[in-house]
Amino acid sequence: MQLYPAIDIRNGKVVRLTQGRFDQETIYADDPVRMAIRFRDQGVRHLHVVDLDGAREGIPVNGSLIRELVRAFKGFVQVGGGVRSKEIAGFYFDAGVSRLILGTAAITDPVFLGNMIERHPDRFFVGIDVRDEGLALNGWIDVDTQDPLEVMVRMSELGVRGFVYTDIHRDGLLGGPNFARYEILKRTVRVPVIASGGIRDISDISRLREIGVDGAIVGKAIYTGEMDLPEALRLLKISPGGKQGAS
């Protein structure tokens, strides 16, 4: 299991939203690049970065900043938010991004999704952002009523090799993940699943690992000090060199 500290960028700053609401924003740092370096120096080797402005606009609004962050971090960086064309995907791959998280376009543009499956099968996951049992799209403004689990099964059969599953109603509340949902996902979806939303402490990480979840994205719990990041890395036996021991 891999740990992904989250750096969500809006207006050039590190922020966290509560339940995906842009009117419920907390700023935690003015410099995302410096934050990435800080995480790197604590032993983090994987980051989850979201261009929140890009998620709403459909273009990489903070693309140049993310490119600088990737160069400074020198580790594995997955990026989401506004990746809705092969040109944008190419921009991020050229910038050194390790993996892209496709959201809205993966749901609404089957041609684009098919192109990514054909050309870059190992370099993207699909983000499944769930609100009111539907799929949140376009910066979490709209909701598609398709069943998220059915979408994940169908996409994995088409060739999608992993998912980031976010429970938006839990995001930013530090109330704990929906463990029962992840148990269902791991029984049903035969590709890696990364958990996101509501993760609050080391015990949540431990429980998700027991379920068999392949990764955990943690944001607010790290920024508020609820989760001790070095302790979490030790729990997962992630060494400063980036390797993960047996667990």
# chains A, B, ... in the order shown; residues from 1 in each chain; ligands from 1
>>> residues_around(residues="A:Ile59", least_positions_apart="5", cutoff="12 Å", atoms="only C-alpha atoms", output="ChimeraX atom specification")
/A:51-54,64,80-89,91-92,104-105,138-139
>>> write_last_selection(atoms="C-alpha atoms", output="mmCIF file, in the first residue's frame")
data_model
loop_
_atom_site.group_PDB
_atom_site.id
_atom_site.type_symbol
_atom_site.label_atom_id
_atom_site.label_comp_id
_atom_site.auth_asym_id
_atom_site.auth_seq_id
_atom_site.Cartn_x
_atom_site.Cartn_y
_atom_site.Cartn_z
ATOM 1 C CA ASP A 51 -5.246 21.542 -10.205
ATOM 2 C CA LEU A 52 -8.551 22.687 -8.708
ATOM 3 C CA ASP A 53 -8.766 25.633 -11.092
ATOM 4 C CA GLY A 54 -8.143 23.231 -13.953
ATOM 5 C CA SER A 64 3.492 25.599 -15.161
ATOM 6 C CA GLY A 80 -5.577 15.374 -11.773
ATOM 7 C CA GLY A 81 -7.814 18.299 -12.569
ATOM 8 C CA GLY A 82 -8.737 19.406 -16.067
ATOM 9 C CA VAL A 83 -7.044 16.600 -18.019
ATOM 10 C CA ARG A 84 -9.582 16.375 -20.838
ATOM 11 C CA SER A 85 -7.593 16.052 -24.067
ATOM 12 C CA LYS A 86 -4.593 14.210 -25.446
ATOM 13 C CA GLU A 87 -2.802 17.559 -25.775
ATOM 14 C CA ILE A 88 -3.169 18.273 -22.066
ATOM 15 C CA ALA A 89 -2.073 14.729 -21.262
ATOM 16 C CA PHE A 91 1.815 18.490 -21.677
ATOM 17 C CA TYR A 92 1.866 16.759 -18.318
ATOM 18 C CA THR A 104 -14.802 14.169 -16.226
ATOM 19 C CA ALA A 105 -13.366 13.274 -19.639
ATOM 20 C CA ASN A 138 -16.873 19.300 -14.025
ATOM 21 C CA GLY A 139 -15.130 20.311 -10.831
#
>>> residues_around(residues="A:Asp201", least_positions_apart="3", cutoff="10 Å", atoms="only C-alpha atoms", output="PyMOL selection string")
chain A and resi 174-176+198+204-206+218+221-222+225-229+232
>>> closest_atom_pairs(of="stretch 116-151 of chain A", to="stretch 16-26 of chain A", cutoff="10 Å", atoms="only C-alpha atoms", output="Markdown table")
| residue | atom | partner | partner_atom | distance |
| --- | --- | --- | --- | --- |
| A:Asp129 | CA | A:Gly20 | CA | 9.5 |
| A:Arg131 | CA | A:Gln19 | CA | 9.1 |
| A:Ala136 | CA | A:Gly20 | CA | 9.5 |
| A:Gly139 | CA | A:Gly20 | CA | 8.2 |
| A:Trp140 | CA | A:Gly20 | CA | 6.5 |
| A:Ile141 | CA | A:Arg21 | CA | 8.7 |
>>> select_by_dssp(residues="stretch 4-75 of chain A", states="strand (DSSP E or B)", output="number ranges by chain")
A: 4-10, 13-18, 21-29, 46-51
>>> write_last_selection(atoms="C-alpha atoms", output="PDB file, in the first residue's frame")
ATOM      1  CA  TYR A   4      -0.021   9.878  -1.273  1.00  0.00           C
ATOM      2  CA  PRO A   5       0.023  13.221   0.558  1.00  0.00           C
ATOM      3  CA  ALA A   6      -2.258  15.586  -1.346  1.00  0.00           C
ATOM      4  CA  ILE A   7      -1.368  18.999  -2.708  1.00  0.00           C
ATOM      5  CA  ASP A   8      -4.501  20.669  -4.056  1.00  0.00           C
ATOM      6  CA  ILE A   9      -3.743  23.920  -5.875  1.00  0.00           C
ATOM      7  CA  ARG A  10      -6.094  26.857  -6.288  1.00  0.00           C
ATOM      8  CA  LYS A  13      -1.808  28.158  -3.229  1.00  0.00           C
ATOM      9  CA  VAL A  14      -2.107  24.884  -1.326  1.00  0.00           C
ATOM     10  CA  VAL A  15      -5.711  24.525  -0.199  1.00  0.00           C
ATOM     11  CA  ARG A  16      -8.200  21.977   1.043  1.00  0.00           C
ATOM     12  CA  LEU A  17     -11.886  22.006   0.179  1.00  0.00           C
ATOM     13  CA  THR A  18     -14.573  20.624   2.460  1.00  0.00           C
ATOM     14  CA  ARG A  21     -17.099  22.836  -2.159  1.00  0.00           C
ATOM     15  CA  PHE A  22     -15.144  25.770  -3.531  1.00  0.00           C
ATOM     16  CA  ASP A  23     -16.844  28.107  -1.045  1.00  0.00           C
ATOM     17  CA  GLN A  24     -15.453  25.974   1.805  1.00  0.00           C
ATOM     18  CA  GLU A  25     -11.738  26.489   1.212  1.00  0.00           C
ATOM     19  CA  THR A  26      -8.884  26.550   3.705  1.00  0.00           C
ATOM     20  CA  ILE A  27      -5.452  27.789   2.612  1.00  0.00           C
ATOM     21  CA  TYR A  28      -2.574  25.840   4.159  1.00  0.00           C
ATOM     22  CA  ALA A  29       0.438  27.198   2.270  1.00  0.00           C
ATOM     23  CA  HIS A  46       4.615   9.708  -3.939  1.00  0.00           C
ATOM     24  CA  LEU A  47       2.412  12.796  -4.266  1.00  0.00           C
ATOM     25  CA  HIS A  48      -1.168  13.387  -5.380  1.00  0.00           C
ATOM     26  CA  VAL A  49      -1.533  16.837  -6.975  1.00  0.00           C
ATOM     27  CA  VAL A  50      -4.803  18.402  -8.117  1.00  0.00           C
ATOM     28  CA  ASP A  51      -5.246  21.542 -10.205  1.00  0.00           C
TER      29      ASP A  51
END
>>> atom_distance(atom1="atom CA of A:Glu210", atom2="atom CA of A:Val193")
13.5 Å
>>> closest_residue(among="A:Met155, A:Val77, A:Ala55, A:Leu3", to="A:Gly114", atoms="only C-alpha atoms")
A:Met155
>>> atom_distance(atom1="atom CA of A:Val151", atom2="atom CA of A:Asp109")
13.5 Å
>>> atom_distance(atom1="atom CA of A:Leu158", atom2="atom CA of A:Gly212")
22.7 Å
>>> residues_around(residues="A:Glu150", least_positions_apart="3", cutoff="12 Å", atoms="only C-alpha atoms", output="count of residues only")
16
>>> closest_residue(among="A:Pro32, A:Thr108, A:Thr166, A:Met1", to="A:Asp142", atoms="only C-alpha atoms")
A:Thr108
>>> closest_residue(among="A:Gly159, A:Arg45, A:Val143, A:Lys237", to="A:Met116", atoms="only C-alpha atoms")
A:Gly159
>>> closest_residue(among="A:Lys220, A:Lys186, A:Arg34, A:Arg200", to="A:Glu68", atoms="only C-alpha atoms")
A:Arg34
>>> closest_residue(among="A:Val126, A:Val33, A:Val164, A:Ile217", to="A:Ile107", atoms="only C-alpha atoms")
A:Val126
